[in-house]
$ cat final.cif   # mmCIF, C-alpha atoms
data_entry
loop_
_atom_site.group_PDB
_atom_site.id
_atom_site.type_symbol
_atom_site.label_atom_id
_atom_site.label_comp_id
_atom_site.auth_asym_id
_atom_site.auth_seq_id
_atom_site.Cartn_x
_atom_site.Cartn_y
_atom_site.Cartn_z
ATOM 1 C CA MET A 174 63.230 168.461 86.364
ATOM 2 C CA VAL A 175 61.426 167.020 89.374
ATOM 3 C CA LYS A 176 62.502 167.850 92.921
ATOM 4 C CA VAL A 177 62.395 164.792 95.194
ATOM 5 C CA LEU A 178 62.436 165.328 98.968
ATOM 6 C CA PHE A 179 62.937 162.901 101.846
ATOM 7 C CA PHE A 180 62.184 163.540 105.503
ATOM 8 C CA ALA A 181 63.004 162.088 108.935
ATOM 9 C CA SER A 182 64.124 158.410 108.909
ATOM 10 C CA TYR A 183 63.926 158.279 105.089
ATOM 11 C CA ARG A 184 66.295 161.235 104.767
ATOM 12 C CA GLU A 185 68.707 159.492 107.139
ATOM 13 C CA ALA A 186 68.400 156.099 105.409
ATOM 14 C CA LEU A 187 69.278 157.556 102.014
ATOM 15 C CA GLY A 188 71.706 160.136 103.381
ATOM 16 C CA LEU A 189 70.165 162.969 101.404
ATOM 17 C CA PRO A 190 67.382 165.499 101.991
ATOM 18 C CA GLU A 191 66.617 166.182 98.338
ATOM 19 C CA VAL A 192 67.641 165.434 94.789
ATOM 20 C CA ALA A 193 66.648 166.830 91.375
ATOM 21 C CA VAL A 194 65.893 164.268 88.670
ATOM 22 C CA THR A 195 65.031 164.489 84.982
ATOM 23 C CA MET A 196 62.315 162.029 83.949
ATOM 24 C CA PRO A 197 62.516 160.432 80.491
ATOM 25 C CA HIS A 198 58.731 161.012 80.126
ATOM 26 C CA ASN A 199 55.689 161.832 82.298
ATOM 27 C CA MET A 200 54.684 159.058 84.676
ATOM 28 C CA SER A 201 52.240 158.130 87.389
ATOM 29 C CA LEU A 202 53.594 158.334 90.930
ATOM 30 C CA ALA A 203 53.774 154.500 91.027
ATOM 31 C CA GLU A 204 55.851 154.482 87.826
ATOM 32 C CA PHE A 205 57.974 157.335 89.125
ATOM 33 C CA LYS A 206 58.849 155.362 92.282
ATOM 34 C CA GLN A 207 59.711 152.283 90.222
ATOM 35 C CA TRP A 208 61.892 154.393 87.944
ATOM 36 C CA LEU A 209 63.727 155.924 90.951
ATOM 37 C CA ILE A 210 64.333 152.430 92.367
ATOM 38 C CA THR A 211 65.680 151.154 89.022
ATOM 39 C CA GLU A 212 67.998 154.156 88.783
ATOM 40 C CA ASN A 213 69.194 154.140 92.397
ATOM 41 C CA GLY A 214 69.053 150.585 93.724
ATOM 42 C CA ASP A 215 68.070 148.645 96.830
ATOM 43 C CA SER A 216 68.358 151.345 99.492
ATOM 44 C CA TRP A 217 65.747 153.366 97.585
ATOM 45 C CA GLN A 218 63.515 150.312 97.234
ATOM 46 C CA ALA A 219 63.461 149.896 101.038
ATOM 47 C CA VAL A 220 62.374 153.511 101.504
ATOM 48 C CA LEU A 221 59.973 153.973 98.586
ATOM 49 C CA ASN A 222 58.210 150.641 99.154
ATOM 50 C CA ALA A 223 58.086 150.934 102.961
ATOM 51 C CA PRO A 224 54.642 149.717 104.099
ATOM 52 C CA ASN A 225 53.419 152.943 105.746
ATOM 53 C CA SER A 226 55.232 155.365 103.462
ATOM 54 C CA VAL A 227 53.439 158.653 102.806
ATOM 55 C CA GLN A 228 53.926 160.448 99.500
ATOM 56 C CA ALA A 229 53.088 163.995 98.478
ATOM 57 C CA VAL A 230 53.066 165.778 95.131
ATOM 58 C CA ASN A 231 53.377 169.564 95.286
ATOM 59 C CA GLN A 232 52.868 169.469 99.057
ATOM 60 C CA THR A 233 49.591 167.531 98.971
ATOM 61 C CA VAL A 234 49.348 163.868 99.977
ATOM 62 C CA ALA A 235 48.935 161.813 96.794
ATOM 63 C CA ASP A 236 48.167 158.222 95.828
ATOM 64 C CA ASP A 237 49.934 156.045 93.250
ATOM 65 C CA ASP A 238 47.680 157.174 90.366
ATOM 66 C CA GLN A 239 48.734 160.815 90.689
ATOM 67 C CA PRO A 240 50.570 162.001 87.541
ATOM 68 C CA VAL A 241 54.076 163.394 87.995
ATOM 69 C CA VAL A 242 55.109 166.067 85.499
ATOM 70 C CA ASP A 243 58.157 168.215 84.946
ATOM 71 C CA GLY A 244 58.436 170.933 87.611
ATOM 72 C CA ASP A 245 56.671 168.933 90.308
ATOM 73 C CA GLU A 246 57.907 168.562 93.888
ATOM 74 C CA VAL A 247 57.561 164.978 95.133
ATOM 75 C CA ALA A 248 58.151 164.044 98.777
ATOM 76 C CA PHE A 249 58.410 160.728 100.611
ATOM 77 C CA PHE A 250 58.172 160.443 104.380
ATOM 78 C CA PRO A 251 57.187 158.106 107.233
ATOM 79 C CA PRO A 252 53.898 158.530 109.141
ATOM 80 C CA VAL A 253 53.830 161.910 110.894
ATOM 81 C CA THR A 254 54.376 162.314 114.650
ATOM 82 C CA GLY A 255 53.842 165.980 115.493
ATOM 83 C CA GLY A 256 51.795 167.599 118.196
ATOM 84 C CA MET B 264 37.612 184.671 110.705
ATOM 85 C CA ALA B 265 41.147 185.522 111.663
ATOM 86 C CA PHE B 266 43.427 182.573 111.781
ATOM 87 C CA GLU B 267 47.117 182.293 112.214
ATOM 88 C CA VAL B 268 49.468 179.355 111.674
ATOM 89 C CA ARG B 269 53.122 179.536 112.686
ATOM 90 C CA VAL B 270 55.955 177.015 112.671
ATOM 91 C CA GLN B 271 58.932 178.321 114.617
ATOM 92 C CA THR B 272 61.945 177.353 116.740
ATOM 93 C CA ALA B 273 61.204 180.038 119.359
ATOM 94 C CA ASP B 274 59.019 179.394 122.393
ATOM 95 C CA PHE B 275 55.630 181.097 122.649
ATOM 96 C CA ASP B 276 53.795 182.900 125.439
ATOM 97 C CA VAL B 277 50.312 181.449 125.880
ATOM 98 C CA SER B 278 48.733 184.422 127.635
ATOM 99 C CA SER B 279 49.839 186.949 125.036
ATOM 100 C CA GLU B 280 48.665 184.631 122.235
ATOM 101 C CA LEU B 281 45.251 184.269 123.915
ATOM 102 C CA ALA B 282 45.023 188.029 124.434
ATOM 103 C CA LEU B 283 45.647 188.557 120.693
ATOM 104 C CA LEU B 284 43.048 185.918 119.851
ATOM 105 C CA ARG B 285 40.396 187.625 122.010
ATOM 106 C CA GLN B 286 41.068 190.964 120.349
ATOM 107 C CA HIS B 287 39.776 189.711 116.998
ATOM 108 C CA SER B 288 36.141 190.014 118.032
ATOM 109 C CA LEU B 289 34.078 191.426 120.860
ATOM 110 C CA GLN B 290 31.589 188.637 120.127
ATOM 111 C CA THR B 291 34.101 186.254 121.721
ATOM 112 C CA GLY B 292 32.538 184.425 124.649
ATOM 113 C CA ALA B 293 34.842 181.414 124.807
ATOM 114 C CA VAL B 294 38.539 180.791 124.283
ATOM 115 C CA VAL B 295 39.771 177.185 124.443
ATOM 116 C CA ASN B 296 43.398 176.201 124.123
ATOM 117 C CA PHE B 297 45.577 173.115 124.176
ATOM 118 C CA VAL B 298 49.310 173.121 124.903
ATOM 119 C CA GLY B 299 51.406 170.036 124.125
ATOM 120 C CA THR B 300 54.707 169.628 126.003
ATOM 121 C CA VAL B 301 57.750 167.335 125.907
ATOM 122 C CA ARG B 302 57.548 164.387 128.353
ATOM 123 C CA ASP B 303 60.684 163.139 130.088
ATOM 124 C CA VAL B 304 59.610 159.498 129.697
ATOM 125 C CA ASN B 305 58.118 157.829 126.615
ATOM 126 C CA HIS B 306 57.275 154.105 126.476
ATOM 127 C CA GLY B 307 59.218 153.619 129.713
ATOM 128 C CA GLN B 308 62.426 155.172 128.364
ATOM 129 C CA ALA B 309 63.981 158.349 129.748
ATOM 130 C CA VAL B 310 63.948 161.099 127.115
ATOM 131 C CA ALA B 311 66.885 163.510 127.368
ATOM 132 C CA SER B 312 65.756 165.760 124.514
ATOM 133 C CA MET B 313 63.642 165.774 121.384
ATOM 134 C CA GLU B 314 64.326 167.022 117.871
ATOM 135 C CA LEU B 315 61.363 168.054 115.729
ATOM 136 C CA GLU B 316 61.612 168.096 111.940
ATOM 137 C CA HIS B 317 59.019 169.416 109.495
ATOM 138 C CA TYR B 318 58.360 169.887 105.779
ATOM 139 C CA PRO B 319 58.555 173.657 105.251
ATOM 140 C CA GLY B 320 55.644 174.832 103.138
ATOM 141 C CA MET B 321 53.562 171.655 103.313
ATOM 142 C CA THR B 322 53.347 171.770 107.103
ATOM 143 C CA GLU B 323 51.852 175.263 107.151
ATOM 144 C CA LYS B 324 49.513 174.331 104.279
ATOM 145 C CA ALA B 325 48.342 171.154 106.021
ATOM 146 C CA ILE B 326 47.594 173.009 109.270
ATOM 147 C CA SER B 327 45.780 175.798 107.406
ATOM 148 C CA ASP B 328 43.633 173.159 105.659
ATOM 149 C CA ILE B 329 42.752 171.606 109.030
ATOM 150 C CA VAL B 330 41.802 175.003 110.474
ATOM 151 C CA SER B 331 39.656 175.679 107.375
ATOM 152 C CA GLN B 332 37.825 172.393 107.926
ATOM 153 C CA ALA B 333 37.208 173.344 111.562
ATOM 154 C CA LYS B 334 35.863 176.700 110.400
ATOM 155 C CA GLN B 335 33.375 174.913 108.128
ATOM 156 C CA ARG B 336 32.139 172.692 110.953
ATOM 157 C CA TRP B 337 31.892 175.230 113.767
ATOM 158 C CA GLN B 338 31.175 178.951 114.125
ATOM 159 C CA LEU B 339 34.652 180.112 115.068
ATOM 160 C CA LEU B 340 35.762 183.699 115.491
ATOM 161 C CA ALA B 341 39.539 183.155 115.464
ATOM 162 C CA ALA B 342 42.160 180.422 115.707
ATOM 163 C CA THR B 343 45.893 180.320 116.371
ATOM 164 C CA VAL B 344 48.121 177.291 115.835
ATOM 165 C CA ILE B 345 51.807 177.493 116.754
ATOM 166 C CA HIS B 346 54.094 174.467 116.440
ATOM 167 C CA ARG B 347 57.760 174.477 117.388
ATOM 168 C CA VAL B 348 60.557 172.677 115.546
ATOM 169 C CA GLY B 349 64.208 172.045 116.361
ATOM 170 C CA LEU B 350 65.729 170.820 119.614
ATOM 171 C CA LEU B 351 63.424 170.758 122.659
ATOM 172 C CA GLN B 352 63.983 169.690 126.268
ATOM 173 C CA PRO B 353 61.536 167.855 128.576
ATOM 174 C CA GLY B 354 58.995 170.289 129.987
ATOM 175 C CA GLU B 355 59.177 172.636 127.022
ATOM 176 C CA GLN B 356 56.104 173.628 125.028
ATOM 177 C CA ILE B 357 55.722 172.021 121.587
ATOM 178 C CA VAL B 358 52.354 173.123 120.265
ATOM 179 C CA LEU B 359 49.570 175.594 120.942
ATOM 180 C CA VAL B 360 46.074 175.290 119.488
ATOM 181 C CA ALA B 361 43.742 178.104 120.533
ATOM 182 C CA VAL B 362 40.271 178.878 119.190
ATOM 183 C CA SER B 363 37.597 181.406 120.030
ATOM 184 C CA SER B 364 33.858 181.329 119.476
ATOM 185 C CA LYS B 365 30.709 182.869 120.930
ATOM 186 C CA HIS B 366 29.999 179.844 123.118
ATOM 187 C CA ARG B 367 32.241 177.226 124.698
ATOM 188 C CA GLY B 368 30.836 174.081 123.050
ATOM 189 C CA GLU B 369 32.098 174.978 119.602
ATOM 190 C CA ALA B 370 35.487 176.138 120.865
ATOM 191 C CA PHE B 371 36.053 172.917 122.848
ATOM 192 C CA GLN B 372 35.181 170.718 119.886
ATOM 193 C CA ALA B 373 37.131 172.729 117.316
ATOM 194 C CA CYS B 374 40.243 172.751 119.499
ATOM 195 C CA GLU B 375 40.184 168.964 119.857
ATOM 196 C CA PHE B 376 39.421 168.463 116.150
ATOM 197 C CA ILE B 377 42.360 170.651 115.078
ATOM 198 C CA MET B 378 44.708 168.848 117.473
ATOM 199 C CA ASP B 379 43.564 165.366 116.391
ATOM 200 C CA PHE B 380 44.080 166.149 112.708
ATOM 201 C CA LEU B 381 47.350 168.003 113.307
ATOM 202 C CA LYS B 382 48.744 164.847 114.904
ATOM 203 C CA THR B 383 47.812 162.634 111.952
ATOM 204 C CA GLN B 384 48.116 164.953 108.935
ATOM 205 C CA ALA B 385 50.648 167.734 109.510
ATOM 206 C CA PRO B 386 54.148 166.671 108.405
ATOM 207 C CA PHE B 387 56.197 166.799 111.615
ATOM 208 C CA TRP B 388 58.500 164.057 112.896
ATOM 209 C CA LYS B 389 59.911 163.604 116.407
ATOM 210 C CA LYS B 390 63.283 162.093 117.196
ATOM 211 C CA GLU B 391 64.046 161.328 120.835
ATOM 212 C CA GLN B 392 67.452 161.168 122.477
ATOM 213 C CA THR B 393 67.354 158.321 125.013
ATOM 214 C CA GLU B 394 69.892 156.257 126.948
ATOM 215 C CA GLN B 395 69.654 153.708 124.128
ATOM 216 C CA GLY B 396 70.554 156.379 121.582
ATOM 217 C CA ALA B 397 68.495 158.467 119.176
ATOM 218 C CA GLN B 398 65.266 157.039 117.814
ATOM 219 C CA TRP B 399 62.426 158.244 115.628
ATOM 220 C CA VAL B 400 59.067 158.207 117.375
ATOM 221 C CA ASP B 401 56.563 155.800 115.773
ATOM 222 C CA ALA B 402 53.100 157.024 114.850
ATOM 223 C CA ARG B 403 50.496 155.867 117.397
ATOM 224 C CA GLU B 404 47.470 153.926 116.303
ATOM 225 C CA SER B 405 45.429 155.726 118.974
ATOM 226 C CA ASP B 406 46.090 159.050 117.198
ATOM 227 C CA GLY B 407 44.624 157.632 113.993
ATOM 228 C CA GLU B 408 41.580 156.422 115.922
ATOM 229 C CA ALA B 409 41.156 159.852 117.536
ATOM 230 C CA ALA B 410 41.044 161.547 114.122
ATOM 231 C CA LYS B 411 38.553 158.997 112.756
ATOM 232 C CA ARG B 412 36.014 159.945 115.441
ATOM 233 C CA TRP B 413 35.273 163.140 113.521
ATOM 234 C CA GLN B 414 34.307 161.446 110.235
#

$ encode --input "final.cif" --output "structure tokens"
Amino acid sequence: MVKVLFFASYREALGLPEVAVTMPHNMSLAEFKQWLITENGDSWQAVLNAPNSVQAVNQTVADDDQPVVDGDEVAFFPPVTGG
Amino acid sequence: MAFEVRVQTADFDVSSELALLRQHSLQTGAVVNFVGTVRDVNHGQAVASMELEHYPGMTEKAISDIVSQAKQRWQLLAATVIHRVGLLQPGEQIVLVAVSSKHRGEAFQACEFIMDFLKTQAPFWKKEQTEQGAQWVDARESDGEAAKRWQ
């Protein structure tokens, strides 16, 4: 199982803070996003393919090549605005 | 080096935090701090209140990584970073970055470095309540430029 988290405007757009998914096989983060979009439809496409989207695997910012394996925590969020 | 990172809803008292920071070492000759506060106007719009969201776990980790980088670049004796989350009103404190070192030059630079990277790398998001309704604050390009100065 992979825990998927959404924050800020992404959480609001999808109407959920987190979801647990079971991948059919291990994937890269790019493949994982595509798989989530195929499973969940257009609203997910808008969020996961947003131009400035930031993605993290196990609480570290990751790029599309990063492998996603069972037990991982994957997060998607807009550019940060703290401070 | 003693460093402390806290994410909390409660307000903080700057003088007691600075007193604690100084206590870490009698070699301390300089304490520099930055306090960020909520403005009542942003981009010409009146801000009634602000809600701050974060990513529990990753936020603390990201700030700790930034403080570790500062420690590698400058001879610091101690550092404290406190960032508030939840609902805040104009005038309230949002963030404290405080660092101590033997001499002021390193403390000034480290404080600015930590703040610049906190703004661009620590997962916090601001949502403002304005007369036009609630809106998420967009990331500023100038913050990205400020962080790039240190590369």

$ closest_residue --input "final.cif" --among "A:Val175, A:Val242, A:Val194, A:Ala229" --to "Asn213 (chain A)" --atoms "all atoms listed in the file"
A:Val194

$ interface_residues --input "final.cif" --of "chain B" --to "chain A" --cutoff "12 Å" --atoms "all atoms listed in the file" --output "PDB file with C-alpha atoms, keeping the file's coordinate frame"
ATOM      1  CA  VAL B 270      55.955 177.015 112.671  1.00  0.00           C
ATOM      2  CA  PHE B 297      45.577 173.115 124.176  1.00  0.00           C
ATOM      3  CA  VAL B 298      49.310 173.121 124.903  1.00  0.00           C
ATOM      4  CA  GLY B 299      51.406 170.036 124.125  1.00  0.00           C
ATOM      5  CA  THR B 300      54.707 169.628 126.003  1.00  0.00           C
ATOM      6  CA  VAL B 301      57.750 167.335 125.907  1.00  0.00           C
ATOM      7  CA  MET B 313      63.642 165.774 121.384  1.00  0.00           C
ATOM      8  CA  GLU B 314      64.326 167.022 117.871  1.00  0.00           C
ATOM      9  CA  LEU B 315      61.363 168.054 115.729  1.00  0.00           C
ATOM     10  CA  GLU B 316      61.612 168.096 111.940  1.00  0.00           C
ATOM     11  CA  HIS B 317      59.019 169.416 109.495  1.00  0.00           C
ATOM     12  CA  TYR B 318      58.360 169.887 105.779  1.00  0.00           C
ATOM     13  CA  PRO B 319      58.555 173.657 105.251  1.00  0.00           C
ATOM     14  CA  GLY B 320      55.644 174.832 103.138  1.00  0.00           C
ATOM     15  CA  MET B 321      53.562 171.655 103.313  1.00  0.00           C
ATOM     16  CA  THR B 322      53.347 171.770 107.103  1.00  0.00           C
ATOM     17  CA  GLU B 323      51.852 175.263 107.151  1.00  0.00           C
ATOM     18  CA  LYS B 324      49.513 174.331 104.279  1.00  0.00           C
ATOM     19  CA  ALA B 325      48.342 171.154 106.021  1.00  0.00           C
ATOM     20  CA  ILE B 326      47.594 173.009 109.270  1.00  0.00           C
ATOM     21  CA  ASP B 328      43.633 173.159 105.659  1.00  0.00           C
ATOM     22  CA  VAL B 344      48.121 177.291 115.835  1.00  0.00           C
ATOM     23  CA  ILE B 345      51.807 177.493 116.754  1.00  0.00           C
ATOM     24  CA  HIS B 346      54.094 174.467 116.440  1.00  0.00           C
ATOM     25  CA  ARG B 347      57.760 174.477 117.388  1.00  0.00           C
ATOM     26  CA  VAL B 348      60.557 172.677 115.546  1.00  0.00           C
ATOM     27  CA  GLN B 356      56.104 173.628 125.028  1.00  0.00           C
ATOM     28  CA  ILE B 357      55.722 172.021 121.587  1.00  0.00           C
ATOM     29  CA  VAL B 358      52.354 173.123 120.265  1.00  0.00           C
ATOM     30  CA  LEU B 359      49.570 175.594 120.942  1.00  0.00           C
ATOM     31  CA  VAL B 360      46.074 175.290 119.488  1.00  0.00           C
ATOM     32  CA  GLU B 375      40.184 168.964 119.857  1.00  0.00           C
ATOM     33  CA  ILE B 377      42.360 170.651 115.078  1.00  0.00           C
ATOM     34  CA  MET B 378      44.708 168.848 117.473  1.00  0.00           C
ATOM     35  CA  ASP B 379      43.564 165.366 116.391  1.00  0.00           C
ATOM     36  CA  PHE B 380      44.080 166.149 112.708  1.00  0.00           C
ATOM     37  CA  LEU B 381      47.350 168.003 113.307  1.00  0.00           C
ATOM     38  CA  LYS B 382      48.744 164.847 114.904  1.00  0.00           C
ATOM     39  CA  THR B 383      47.812 162.634 111.952  1.00  0.00           C
ATOM     40  CA  GLN B 384      48.116 164.953 108.935  1.00  0.00           C
ATOM     41  CA  ALA B 385      50.648 167.734 109.510  1.00  0.00           C
ATOM     42  CA  PRO B 386      54.148 166.671 108.405  1.00  0.00           C
ATOM     43  CA  PHE B 387      56.197 166.799 111.615  1.00  0.00           C
ATOM     44  CA  TRP B 388      58.500 164.057 112.896  1.00  0.00           C
ATOM     45  CA  LYS B 389      59.911 163.604 116.407  1.00  0.00           C
ATOM     46  CA  LYS B 390      63.283 162.093 117.196  1.00  0.00           C
ATOM     47  CA  GLU B 391      64.046 161.328 120.835  1.00  0.00           C
ATOM     48  CA  ALA B 397      68.495 158.467 119.176  1.00  0.00           C
ATOM     49  CA  GLN B 398      65.266 157.039 117.814  1.00  0.00           C
ATOM     50  CA  TRP B 399      62.426 158.244 115.628  1.00  0.00           C
ATOM     51  CA  VAL B 400      59.067 158.207 117.375  1.00  0.00           C
ATOM     52  CA  ASP B 401      56.563 155.800 115.773  1.00  0.00           C
ATOM     53  CA  ALA B 402      53.100 157.024 114.850  1.00  0.00           C
ATOM     54  CA  ARG B 403      50.496 155.867 117.397  1.00  0.00           C
ATOM     55  CA  GLU B 404      47.470 153.926 116.303  1.00  0.00           C
ATOM     56  CA  SER B 405      45.429 155.726 118.974  1.00  0.00           C
ATOM     57  CA  ASP B 406      46.090 159.050 117.198  1.00  0.00           C
ATOM     58  CA  GLY B 407      44.624 157.632 113.993  1.00  0.00           C
TER      59      GLY B 407
END

$ resolve_selection --input "final.cif" --expression "the PyMOL selection byres ((chain B and resi 284-288) around 7)" --output "NGL selection string"
:B and (265 or 280-283 or 289-291 or 340-342)

$ write_last_selection --input "final.cif" --atoms "C-alpha atoms" --output "PDB file, keeping the file's coordinate frame"
ATOM      1  CA  ALA B 265      41.147 185.522 111.663  1.00  0.00           C
ATOM      2  CA  GLU B 280      48.665 184.631 122.235  1.00  0.00           C
ATOM      3  CA  LEU B 281      45.251 184.269 123.915  1.00  0.00           C
ATOM      4  CA  ALA B 282      45.023 188.029 124.434  1.00  0.00           C
ATOM      5  CA  LEU B 283      45.647 188.557 120.693  1.00  0.00           C
ATOM      6  CA  LEU B 289      34.078 191.426 120.860  1.00  0.00           C
ATOM      7  CA  GLN B 290      31.589 188.637 120.127  1.00  0.00           C
ATOM      8  CA  THR B 291      34.101 186.254 121.721  1.00  0.00           C
ATOM      9  CA  LEU B 340      35.762 183.699 115.491  1.00  0.00           C
ATOM     10  CA  ALA B 341      39.539 183.155 115.464  1.00  0.00           C
ATOM     11  CA  ALA B 342      42.160 180.422 115.707  1.00  0.00           C
TER      12      ALA B 342
END

$ atom_distance --input "final.cif" --atom1 "CA of Trp337 (chain B)" --atom2 "CA of Val268 (chain B)"
18.2 Å

$ residues_near_point --input "final.cif" --point "(63.7, 155.7, 84.8)" --cutoff "10 Å" --atoms "only C-alpha atoms" --output "ChimeraX atom specification"
/A:194-198,200,204-213

$ write_last_selection --input "final.cif" --atoms "C-alpha atoms" --output "JSON list (two decimals), in the frame of the given file"
[["chain", "number", "residue", "atom", "x", "y", "z"],
["A", 194, "VAL", "CA", 65.89, 164.27, 88.67],
["A", 195, "THR", "CA", 65.03, 164.49, 84.98],
["A", 196, "MET", "CA", 62.32, 162.03, 83.95],
["A", 197, "PRO", "CA", 62.52, 160.43, 80.49],
["A", 198, "HIS", "CA", 58.73, 161.01, 80.13],
["A", 200, "MET", "CA", 54.68, 159.06, 84.68],
["A", 204, "GLU", "CA", 55.85, 154.48, 87.83],
["A", 205, "PHE", "CA", 57.97, 157.34, 89.12],
["A", 206, "LYS", "CA", 58.85, 155.36, 92.28],
["A", 207, "GLN", "CA", 59.71, 152.28, 90.22],
["A", 208, "TRP", "CA", 61.89, 154.39, 87.94],
["A", 209, "LEU", "CA", 63.73, 155.92, 90.95],
["A", 210, "ILE", "CA", 64.33, 152.43, 92.37],
["A", 211, "THR", "CA", 65.68, 151.15, 89.02],
["A", 212, "GLU", "CA", 68.00, 154.16, 88.78],
["A", 213, "ASN", "CA", 69.19, 154.14, 92.40]]

$ atom_distance --input "final.cif" --atom1 "CA of Pro240 (chain A)" --atom2 "CA of Val177 (chain A)"
14.4 Å

$ atom_distance --input "final.cif" --atom1 "CA of Gln335 (chain B)" --atom2 "CA of Asp276 (chain B)"
27.9 Å

$ resolve_selection --input "final.cif" --expression "the PyMOL selection byres ((chain B and resi 293) around 6)" --output "compact mmCIF listing (two decimals) with C-alpha atoms, keeping the file's coordinate frame"
# COMPACT_ATOMS: atom_id res chain seq x y z
CA THR B 291 34.10 186.25 121.72
CA GLY B 292 32.54 184.42 124.65
CA VAL B 294 38.54 180.79 124.28
CA SER B 363 37.60 181.41 120.03
CA SER B 364 33.86 181.33 119.48
CA LYS B 365 30.71 182.87 120.93
CA HIS B 366 30.00 179.84 123.12
CA ARG B 367 32.24 177.23 124.70

$ closest_residue --input "final.cif" --among "B:Leu350, B:Ser327, B:Arg302, B:Gln395" --to "Gln271 (chain B)" --atoms "all atoms listed in the file"
B:Leu350

$ build_atoms --input "final.cif" --residues "region 376-390 of chain B" --atoms "N, CA and C atoms" --output "JSON list (two decimals), in the frame of the given file"
[["chain", "number", "residue", "atom", "x", "y", "z"],
["B", 376, "PHE", "N", 39.39, 168.86, 117.57],
["B", 376, "PHE", "CA", 39.42, 168.46, 116.15],
["B", 376, "PHE", "C", 40.74, 168.88, 115.50],
["B", 377, "ILE", "N", 41.12, 170.15, 115.70],
["B", 377, "ILE", "CA", 42.36, 170.65, 115.08],
["B", 377, "ILE", "C", 43.55, 169.85, 115.59],
["B", 378, "MET", "N", 43.58, 169.59, 116.89],
["B", 378, "MET", "CA", 44.71, 168.85, 117.47],
["B", 378, "MET", "C", 44.75, 167.42, 116.95],
["B", 379, "ASP", "N", 43.60, 166.76, 116.88],
["B", 379, "ASP", "CA", 43.56, 165.37, 116.39],
["B", 379, "ASP", "C", 44.07, 165.27, 114.95],
["B", 380, "PHE", "N", 43.66, 166.21, 114.12],
["B", 380, "PHE", "CA", 44.08, 166.15, 112.71],
["B", 380, "PHE", "C", 45.52, 166.62, 112.54],
["B", 381, "LEU", "N", 45.94, 167.58, 113.36],
["B", 381, "LEU", "CA", 47.35, 168.00, 113.31],
["B", 381, "LEU", "C", 48.26, 166.80, 113.56],
["B", 382, "LYS", "N", 47.89, 165.99, 114.54],
["B", 382, "LYS", "CA", 48.74, 164.85, 114.90],
["B", 382, "LYS", "C", 48.84, 163.80, 113.80],
["B", 383, "THR", "N", 47.81, 163.70, 112.97],
["B", 383, "THR", "CA", 47.81, 162.63, 111.95],
["B", 383, "THR", "C", 48.08, 163.14, 110.54],
["B", 384, "GLN", "N", 47.99, 164.46, 110.31],
["B", 384, "GLN", "CA", 48.12, 164.95, 108.94],
["B", 384, "GLN", "C", 49.22, 165.98, 108.71],
["B", 385, "ALA", "N", 49.63, 166.69, 109.73],
["B", 385, "ALA", "CA", 50.65, 167.73, 109.51],
["B", 385, "ALA", "C", 52.04, 167.08, 109.53],
["B", 386, "PRO", "N", 52.86, 167.35, 108.49],
["B", 386, "PRO", "CA", 54.15, 166.67, 108.40],
["B", 386, "PRO", "C", 55.20, 167.20, 109.39],
["B", 387, "PHE", "N", 55.17, 166.61, 110.59],
["B", 387, "PHE", "CA", 56.20, 166.80, 111.62],
["B", 387, "PHE", "C", 56.69, 165.41, 112.00],
["B", 388, "TRP", "N", 57.95, 165.34, 112.41],
["B", 388, "TRP", "CA", 58.50, 164.06, 112.90],
["B", 388, "TRP", "C", 59.34, 164.33, 114.12],
["B", 389, "LYS", "N", 59.17, 163.46, 115.15],
["B", 389, "LYS", "CA", 59.91, 163.60, 116.41],
["B", 389, "LYS", "C", 61.02, 162.57, 116.49],
["B", 390, "LYS", "N", 62.18, 163.01, 116.92],
["B", 390, "LYS", "CA", 63.28, 162.09, 117.20],
["B", 390, "LYS", "C", 63.72, 162.31, 118.64]]
